[in-house]
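Asker: Structure: protein_4.cif, mmCIF, C-alpha atoms.
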```cif
data_model
#
loop_
_atom_site.label_atom_id
_atom_site.label_comp_id
_atom_site.auth_asym_id
_atom_site.auth_seq_id
_atom_site.Cartn_x
_atom_site.Cartn_y
_atom_site.Cartn_z
CA MET A 1 73.68 77.38 102.84
CA ASN A 2 76.22 75.50 100.71
CA GLU A 3 75.63 72.19 98.94
CA ILE A 4 76.94 70.03 101.77
CA GLU A 5 74.88 71.85 104.37
CA ARG A 6 71.84 71.42 102.14
CA LEU A 7 72.49 67.66 101.79
CA LEU A 8 72.95 67.29 105.53
CA ALA A 9 69.68 69.14 106.22
CA ILE A 10 67.87 66.84 103.74
CA GLU A 11 69.33 63.77 105.48
CA GLU A 12 68.35 65.12 108.90
CA ILE A 13 64.78 65.75 107.73
CA GLN A 14 64.55 62.22 106.30
CA GLN A 15 65.69 60.81 109.65
CA LEU A 16 63.18 63.08 111.42
CA LYS A 17 60.40 61.49 109.36
CA ALA A 18 61.82 58.04 110.17
CA LYS A 19 61.45 58.89 113.88
CA TYR A 20 57.86 59.95 113.21
CA PHE A 21 57.11 56.50 111.72
CA TYR A 22 59.06 54.64 114.41
CA GLY A 23 57.27 56.50 117.22
CA LEU A 24 53.89 55.97 115.57
CA ASP A 25 54.32 52.21 115.06
CA THR A 26 55.93 51.51 118.46
CA HIS A 27 53.53 53.89 120.28
CA ASP A 28 56.49 55.90 121.61
CA TRP A 29 54.67 59.17 122.18
CA ASP A 30 57.50 60.52 124.35
CA LEU A 31 59.80 60.25 121.33
CA TRP A 32 57.16 62.15 119.37
CA ARG A 33 57.07 64.95 121.92
CA ARG A 34 60.85 65.11 122.41
CA GLU A 35 62.22 64.65 118.90
CA VAL A 36 59.55 64.83 116.22
CA TRP A 37 57.12 67.74 116.48
CA ALA A 38 57.53 71.49 116.87
CA PRO A 39 55.58 72.89 119.87
CA GLU A 40 53.01 74.61 117.62
CA ALA A 41 52.72 71.68 115.20
CA ARG A 42 49.53 71.02 113.22
CA LEU A 43 48.25 67.68 111.86
CA GLU A 44 45.50 67.65 109.23
CA VAL A 45 43.66 64.58 107.99
CA PRO A 46 40.86 65.83 105.70
CA GLU A 47 39.30 62.37 105.22
CA LEU A 48 38.57 62.31 108.96
CA GLY A 49 37.62 65.98 109.01
CA SER A 50 40.40 66.45 111.54
CA SER A 51 42.83 69.25 112.20
CA VAL A 52 44.72 69.11 115.49
CA GLU A 53 47.01 71.88 116.74
CA GLY A 54 49.76 71.85 119.33
CA ARG A 55 52.29 69.11 119.98
CA ASP A 56 50.66 67.70 123.11
CA ALA A 57 47.11 67.78 121.77
CA LEU A 58 48.30 66.16 118.57
CA ALA A 59 50.26 63.41 120.34
CA ASP A 60 47.28 62.71 122.64
CA TRP A 61 44.87 62.56 119.69
CA VAL A 62 47.03 60.11 117.72
CA ALA A 63 47.82 58.05 120.86
CA GLU A 64 44.10 57.69 121.57
CA ARG A 65 43.31 56.57 118.02
CA SER A 66 46.30 54.18 118.03
CA ALA A 67 45.54 52.48 121.34
CA ASN A 68 44.55 48.88 120.86
CA GLN A 69 45.75 48.95 117.25
CA VAL A 70 48.83 47.55 115.52
CA SER A 71 50.09 49.78 112.71
CA VAL A 72 52.81 49.56 110.07
CA HIS A 73 53.73 52.75 108.21
CA HIS A 74 56.32 53.07 105.46
CA GLY A 75 57.48 56.26 103.75
CA HIS A 76 58.98 56.40 100.28
CA THR A 77 60.60 58.73 97.74
CA PRO A 78 60.79 62.01 99.67
CA ILE A 79 60.88 65.38 97.92
CA ILE A 80 62.60 67.70 100.40
CA GLU A 81 63.07 71.37 99.60
CA LEU A 82 64.99 73.82 101.77
CA THR A 83 63.18 77.15 101.71
CA SER A 84 65.66 78.88 104.08
CA ASP A 85 68.36 77.90 106.60
CA THR A 86 65.63 77.03 109.11
CA THR A 87 62.56 76.07 107.04
CA ALA A 88 61.79 73.31 104.57
CA THR A 89 58.95 71.50 102.81
CA GLY A 90 58.53 67.79 102.21
CA LEU A 91 56.35 65.39 100.28
CA TRP A 92 56.38 61.67 101.08
CA ALA A 93 54.64 58.71 99.53
CA MET A 94 53.05 56.58 102.27
CA GLU A 95 51.79 53.02 102.67
CA ASP A 96 50.11 51.99 105.88
CA ARG A 97 48.53 48.92 107.44
CA LEU A 98 46.19 49.20 110.41
CA TYR A 99 45.09 46.11 112.33
CA ARG A 100 42.13 46.74 114.63
CA PRO A 101 40.33 44.44 117.02
CA LYS A 102 36.52 44.18 116.88
CA ASP A 103 36.02 46.56 119.80
CA HIS A 104 38.01 49.39 118.18
CA PRO A 105 35.79 52.47 117.62
CA ASP A 106 36.86 52.63 113.97
CA HIS A 107 36.64 48.90 113.32
CA ALA A 108 33.78 49.57 110.86
CA ASP A 109 33.63 46.91 108.22
CA GLY A 110 37.07 45.51 108.38
CA ALA A 111 39.81 44.84 110.83
CA PHE A 112 42.68 45.20 108.39
CA ILE A 113 43.00 48.48 106.56
CA LEU A 114 45.60 48.91 103.81
CA GLY A 115 46.14 52.47 102.65
CA PHE A 116 48.28 54.46 100.25
CA GLY A 117 48.73 58.20 100.11
CA HIS A 118 50.93 61.23 100.63
CA TYR A 119 52.17 63.47 103.40
CA ARG A 120 52.66 67.14 102.53
CA GLU A 121 54.73 68.74 105.27
CA THR A 122 56.65 71.75 106.48
CA TYR A 123 59.64 71.59 108.79
CA VAL A 124 61.33 74.11 111.04
CA LYS A 125 64.85 74.04 112.46
CA LEU A 126 64.82 74.83 116.18
CA ASP A 127 67.83 74.96 118.54
CA VAL A 128 67.32 71.23 119.16
CA GLY A 129 67.22 70.37 115.45
CA TRP A 130 64.65 69.89 112.69
CA ARG A 131 61.05 69.31 113.75
CA ILE A 132 57.77 68.80 111.85
CA ALA A 133 55.73 72.02 111.82
CA THR A 134 52.71 70.93 109.73
CA THR A 135 51.51 67.68 108.16
CA LEU A 136 48.67 67.12 105.74
CA LEU A 137 47.82 63.46 105.09
CA THR A 138 45.77 62.46 102.06
CA ARG A 139 45.05 58.96 100.80
CA LEU A 140 44.94 57.71 97.22
CA ARG A 141 43.27 54.44 98.09
CA VAL A 142 42.07 52.50 101.11
CA THR A 143 41.08 48.83 101.19
CA ARG A 144 39.46 47.02 104.09
CA GLN A 145 39.56 43.30 104.78
CA ARG A 146 37.95 41.20 107.45
CA VAL A 147 40.73 39.14 108.96
CA PHE A 148 39.70 38.57 112.56
CA MET B 1 83.44 65.07 112.18
CA ASP B 2 82.56 67.46 109.34
CA ALA B 3 79.33 67.31 107.34
CA THR B 4 80.89 65.65 104.28
CA THR B 5 82.47 62.85 106.33
CA ARG B 6 79.19 62.30 108.18
CA LEU B 7 77.12 62.20 105.00
CA THR B 8 79.57 59.81 103.34
CA ALA B 9 79.46 57.47 106.33
CA ILE B 10 75.63 57.52 106.36
CA GLU B 11 75.53 56.72 102.62
CA GLU B 12 78.06 53.89 103.02
CA ILE B 13 76.02 52.35 105.83
CA LYS B 14 72.83 52.56 103.74
CA GLN B 15 74.65 50.74 100.93
CA LEU B 16 75.98 48.18 103.42
CA LYS B 17 72.38 47.44 104.45
CA ALA B 18 71.40 47.23 100.76
CA ARG B 19 74.06 44.54 100.27
CA TYR B 20 72.72 42.75 103.34
CA PHE B 21 69.26 42.58 101.72
CA LEU B 22 70.77 41.44 98.39
CA GLY B 23 72.78 38.77 100.20
CA VAL B 24 69.75 37.44 102.13
CA ASP B 25 67.40 37.28 99.15
CA THR B 26 69.95 35.78 96.72
CA GLN B 27 71.30 33.55 99.54
CA ASP B 28 74.83 34.74 98.77
CA TRP B 29 76.50 33.75 102.02
CA ASP B 30 79.99 34.50 100.64
CA LEU B 31 78.91 38.12 100.21
CA PHE B 32 77.89 38.12 103.89
CA ARG B 33 81.31 36.84 104.88
CA ARG B 34 83.29 39.20 102.61
CA GLU B 35 81.40 42.47 102.75
CA ILE B 36 78.68 42.58 105.38
CA PHE B 37 79.37 41.12 108.83
CA VAL B 38 82.35 41.38 111.18
CA GLU B 39 83.67 38.00 112.38
CA ASP B 40 82.29 38.39 115.92
CA THR B 41 78.89 39.62 114.78
CA SER B 42 75.65 38.83 116.59
CA PHE B 43 72.03 38.47 115.48
CA GLN B 44 69.09 38.47 117.88
CA LEU B 45 65.81 37.09 116.57
CA SER B 46 63.75 37.36 119.74
CA GLU B 47 60.59 35.78 118.33
CA PHE B 48 62.43 32.47 117.89
CA ARG B 49 65.26 32.58 120.41
CA GLU B 50 66.07 35.09 123.12
CA GLU B 51 69.79 34.23 123.08
CA PRO B 52 71.50 35.96 120.11
CA TYR B 53 73.27 33.91 117.46
CA ARG B 54 76.95 34.76 117.91
CA GLY B 55 79.86 34.78 115.48
CA MET B 56 79.97 34.57 111.69
CA GLU B 57 79.50 30.78 111.48
CA GLU B 58 76.51 30.62 113.83
CA VAL B 59 74.82 33.59 112.13
CA LEU B 60 75.41 32.20 108.62
CA GLY B 61 74.19 28.81 109.84
CA MET B 62 70.95 30.41 111.06
CA PHE B 63 70.37 32.03 107.65
CA ARG B 64 71.26 28.88 105.68
CA GLU B 65 69.00 26.70 107.76
CA GLY B 66 66.19 29.21 108.09
CA LEU B 67 65.94 29.93 104.37
CA ALA B 68 66.77 26.50 102.90
CA GLY B 69 64.16 25.62 100.26
CA LYS B 70 62.45 29.01 100.64
CA TYR B 71 62.30 32.24 98.70
CA SER B 72 62.55 35.51 100.57
CA VAL B 73 61.98 39.17 99.69
CA HIS B 74 63.21 41.79 102.17
CA HIS B 75 62.76 45.54 101.92
CA GLY B 76 64.26 48.21 104.20
CA HIS B 77 62.77 51.64 104.74
CA MET B 78 63.26 54.87 106.68
CA PRO B 79 66.78 54.43 108.10
CA ILE B 80 67.85 56.42 111.16
CA ILE B 81 71.65 56.30 111.09
CA GLY B 82 73.58 57.81 113.99
CA ILE B 83 77.31 58.25 113.47
CA ALA B 84 78.75 57.87 116.97
CA SER B 85 82.43 58.22 116.04
CA ASP B 86 84.75 57.80 113.05
CA ILE B 87 84.45 54.03 113.40
CA THR B 88 81.13 53.31 115.17
CA ALA B 89 77.50 53.91 114.27
CA THR B 90 73.95 52.82 115.07
CA GLY B 91 71.03 52.18 112.76
CA LEU B 92 67.30 51.66 112.94
CA TRP B 93 65.46 50.41 109.84
CA ALA B 94 61.82 49.64 109.17
CA MET B 95 61.52 46.20 107.56
CA GLU B 96 59.02 44.36 105.39
CA ASP B 97 59.65 40.75 104.42
CA ARG B 98 57.94 37.96 102.52
CA ILE B 99 59.03 34.37 102.91
CA TYR B 100 57.58 31.83 100.49
CA LEU B 101 57.65 28.30 101.85
CA ALA B 102 58.25 26.21 98.74
CA ASP B 103 57.46 22.87 100.40
CA SER B 104 54.86 24.01 102.88
CA GLY B 105 52.49 21.19 101.90
CA ALA B 106 49.58 23.63 101.72
CA ALA B 107 46.69 22.10 99.81
CA GLN B 108 46.49 24.99 97.38
CA GLY B 109 49.46 27.10 96.41
CA THR B 110 52.34 28.29 98.51
CA LEU B 111 52.30 29.53 102.07
CA VAL B 112 53.73 33.04 102.43
CA LEU B 113 54.76 34.74 105.66
CA HIS B 114 54.46 38.52 105.28
CA GLY B 115 56.11 40.36 108.13
CA PHE B 116 56.74 43.92 109.31
CA GLY B 117 59.18 45.10 111.92
CA HIS B 118 62.41 46.87 112.76
CA TYR B 119 66.13 46.22 112.71
CA ARG B 120 68.19 47.85 115.46
CA GLU B 121 71.83 47.60 114.52
CA THR B 122 75.36 48.65 115.33
CA TYR B 123 78.09 49.12 112.77
CA VAL B 124 81.85 49.30 112.97
CA ARG B 125 84.31 50.65 110.44
CA MET B 126 87.10 48.20 109.55
CA ASP B 127 90.03 48.78 107.16
CA ALA B 128 87.84 47.31 104.42
CA GLY B 129 84.88 49.60 105.21
CA TRP B 130 81.72 49.62 107.35
CA ARG B 131 80.44 46.25 108.57
CA ILE B 132 77.46 45.10 110.66
CA GLU B 133 78.48 44.36 114.24
CA SER B 134 75.09 43.43 115.68
CA ILE B 135 71.44 43.11 114.63
CA ARG B 136 68.28 42.82 116.70
CA LEU B 137 65.14 42.10 114.67
CA THR B 138 61.67 42.58 116.14
CA ARG B 139 58.31 42.24 114.42
CA LEU B 140 55.20 44.39 114.67
CA ARG B 141 53.04 41.97 112.74
CA LEU B 142 53.18 38.71 110.80
CA GLU B 143 50.52 37.81 108.23
CA THR B 144 50.19 34.27 106.93
CA ARG B 145 48.35 33.39 103.73
CA THR B 146 48.36 31.07 100.76
CA VAL B 147 49.14 32.37 97.29
CA ALA B 148 49.13 30.77 93.87
CA VAL B 149 52.58 30.56 92.31
CA PRO B 150 52.64 29.59 88.61
#
```
Could the structure of this file be written out as structure tokens, please?

Answerer:
Amino acid sequence: MNEIERLLAIEEIQQLKAKYFYGLDTHDWDLWRREVWAPEARLEVPELGSSVEGRDALADWVAERSANQVSVHHGHTPIIELTSDTTATGLWAMEDRLYRPKDHPDHADGAFILGFGHYRETYVKLDVGWRIATTLLTRLRVTRQRVF
Amino acid sequence: MDATTRLTAIEEIKQLKARYFLGVDTQDWDLFRREIFVEDTSFQLSEFREEPYRGMEEVLGMFREGLAGKYSVHHGHMPIIGIASDITATGLWAMEDRIYLADSGAAQGTLVLHGFGHYRETYVRMDAGWRIESIRLTRLRLETRTVAVP
């Protein structure tokens, strides 16, 4: 892989992550299935004790937790490393806002949750392009406010 | 289109959007006219008006009027830029903005509108470089609160 091919792969992976955020915040789970995740993808969120495997199971799990919730996710300052022509790793800083109504199962103490953390990911290049293979989400800090 | 041309176009469009944000927040409408919009541009702000603002003068008028006496801070994130041809492209940006209403009349401090949403855009390459042809802005969420400003 030459320098230009490497740069193009990095750009494509950044846009892949942008589609992840766009699908998540607009609840476009079809986009997730079509253009974001590899079929054998895995999502891990240790703070929830969760590890979900398989694209469909993962999309269903996130869709269920996102129903009835408005979310805003932003990614920053990616560190993308190509480990071969068809594999890569990524680390993204993340800021998210979750707005939940009172009847949401995870409403807990606050309806507005502001979080900051990191995604540690691996990517794989399939015939259809780059897809997320694994994601591990950890948070540095979470604040909760009662706004409703 | 080869990889270098594609990457250069993507970078130029990201910098075009950066100038857009600089122009909005410094209210530099000449910069908009010179370096950002095509003459027959359009801007759709569905939450206020379904019908897009059309043409340079109407779009600049909307900005001038909308931001008069206010301070704004706009950030763009996570661009998805699709290069459709040598001279056309599409973009999708996540957006966060804060608008401080200087004369909001709030009893204590200044009212701030803190919003989150997306820009869906088209671009066209002119002799002078890439320009914004159309923008549609939608919001996911708008928070309103009062802050103290020294």

Asker: Per residue of chain B within 10 Å of chain A, which atom pair is closest and at what distance in Å (one decimal), using all atoms listed in the file, listed by chain and increasing number, as CSV?

Answerer:
```
residue,atom,partner,partner_atom,distance
B:Asp2,CA,A:Ile4,CA,9.8
B:Ala3,CA,A:Leu8,CA,6.6
B:Thr4,CA,A:Ile4,CA,6.4
B:Arg6,CA,A:Leu8,CA,8.4
B:Leu7,CA,A:Leu8,CA,6.6
B:Ile10,CA,A:Glu11,CA,8.9
B:Glu11,CA,A:Glu11,CA,9.8
B:Gly76,CA,A:His74,CA,9.4
B:His77,CA,A:His74,CA,6.6
B:Met78,CA,A:Ala18,CA,4.9
B:Pro79,CA,A:Ala18,CA,6.5
B:Ile80,CA,A:Gln15,CA,5.1
B:Ile81,CA,A:Gln15,CA,7.6
B:Gly82,CA,A:Gln15,CA,9.5
B:Leu92,CA,A:Ala18,CA,8.9
B:Trp93,CA,A:Ala18,CA,8.5
B:Ala94,CA,A:His74,CA,7.5
B:Met95,CA,A:His74,CA,8.9
B:Glu96,CA,A:His74,CA,9.1
B:Gly115,CA,A:Val72,CA,10.0
B:Phe116,CA,A:Val72,CA,6.9
B:Gly117,CA,A:Val72,CA,8.0
B:His118,CA,A:Tyr22,CA,8.6
B:Leu140,CA,A:Val70,CA,7.2
B:Arg141,CA,A:Val70,CA,7.5
B:Glu143,CA,A:Val147,CA,9.9
```

Asker: For CA of Thr87 (chain A) and CA of Val124 (chain A), quote the distance in Å rounded to one decimal.

Answerer: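 So the two atoms, CA of Thr87 (chain A) and CA of Val124 (chain A), lie 4.6 Å apart.
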
Asker: Near His74 (chain B), counting only C-alpha atoms, which residues have an atom at most 8 Å away, once you skip same-chain residues fewer than 4 positions from it, shown as an MDAnalysis selection string?

Answerer: chainID B and resid 21 24:25 95:98

Asker: Fewer than 3 positions away in the same chain doesn't count, so skip those; otherwise give me all residues within 10 Å of Arg131 (chain A), counting all atoms listed in the file, as a PDB file with C-alpha atoms, in the coordinates of the input.

Answerer:
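Listing of around.pdb after writing:
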```
ATOM      1  CA  GLU A  12      68.350  65.120 108.900  1.00  0.00           C
ATOM      2  CA  ILE A  13      64.780  65.750 107.730  1.00  0.00           C
ATOM      3  CA  LEU A  16      63.180  63.080 111.420  1.00  0.00           C
ATOM      4  CA  LYS A  17      60.400  61.490 109.360  1.00  0.00           C
ATOM      5  CA  TYR A  20      57.860  59.950 113.210  1.00  0.00           C
ATOM      6  CA  TRP A  32      57.160  62.150 119.370  1.00  0.00           C
ATOM      7  CA  ARG A  34      60.850  65.110 122.410  1.00  0.00           C
ATOM      8  CA  GLU A  35      62.220  64.650 118.900  1.00  0.00           C
ATOM      9  CA  VAL A  36      59.550  64.830 116.220  1.00  0.00           C
ATOM     10  CA  TRP A  37      57.120  67.740 116.480  1.00  0.00           C
ATOM     11  CA  ALA A  38      57.530  71.490 116.870  1.00  0.00           C
ATOM     12  CA  PRO A  39      55.580  72.890 119.870  1.00  0.00           C
ATOM     13  CA  ALA A  41      52.720  71.680 115.200  1.00  0.00           C
ATOM     14  CA  THR A  87      62.560  76.070 107.040  1.00  0.00           C
ATOM     15  CA  THR A 122      56.650  71.750 106.480  1.00  0.00           C
ATOM     16  CA  TYR A 123      59.640  71.590 108.790  1.00  0.00           C
ATOM     17  CA  VAL A 124      61.330  74.110 111.040  1.00  0.00           C
ATOM     18  CA  LYS A 125      64.850  74.040 112.460  1.00  0.00           C
ATOM     19  CA  LEU A 126      64.820  74.830 116.180  1.00  0.00           C
ATOM     20  CA  VAL A 128      67.320  71.230 119.160  1.00  0.00           C
ATOM     21  CA  THR A 134      52.710  70.930 109.730  1.00  0.00           C
TER      22      THR A 134
END
```

Asker: Can you report as AutoDock Vina command-line options the centre and edge lengths in Å, to one decimal, of an axis-aligned box around the listed atoms of region 12-20 of chain A padded with 4 Å on each side?

Answerer:
```
--center_x 63.1 --center_y 61.9 --center_z 110.1 --size_x 18.5 --size_y 15.7 --size_z 15.6
```

Asker: Name every residue that the PyMOL selection byres ((chain A and resi 53) around 12) selects in this structure, writing the answer as JSON, numbers by chain with chains first and numbers rising.

Answerer: {"A": [37, 38, 39, 40, 41, 42, 43, 44, 45, 50, 51, 52, 54, 55, 56, 57, 58, 59, 60, 61, 62, 133, 134, 135]}

Asker: Which value, in Å to one decimal, gives the distance between CA of Glu121 (chain A) and CA of Leu31 (chain A)?

Answerer: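 CA of Leu31 (chain A) lies 18.9 Å from CA of Glu121 (chain A).
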
Asker: Can you spell out as an mmCIF file with C-alpha atoms, in the coordinates of the input the set of residues that the PyMOL selection byres ((chain B and resi 109-112) around 6) selects in the structure I just provided?

Answerer:
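The resulting file, part-v3.cif, is reproduced below:
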```
data_model
loop_
_atom_site.group_PDB
_atom_site.id
_atom_site.type_symbol
_atom_site.label_atom_id
_atom_site.label_comp_id
_atom_site.auth_asym_id
_atom_site.auth_seq_id
_atom_site.Cartn_x
_atom_site.Cartn_y
_atom_site.Cartn_z
ATOM 1 C CA ILE B 99 59.030 34.370 102.910
ATOM 2 C CA TYR B 100 57.580 31.830 100.490
ATOM 3 C CA LEU B 101 57.650 28.300 101.850
ATOM 4 C CA GLN B 108 46.490 24.990 97.380
ATOM 5 C CA LEU B 113 54.760 34.740 105.660
ATOM 6 C CA THR B 144 50.190 34.270 106.930
ATOM 7 C CA ARG B 145 48.350 33.390 103.730
ATOM 8 C CA THR B 146 48.360 31.070 100.760
ATOM 9 C CA VAL B 147 49.140 32.370 97.290
ATOM 10 C CA ALA B 148 49.130 30.770 93.870
#
```
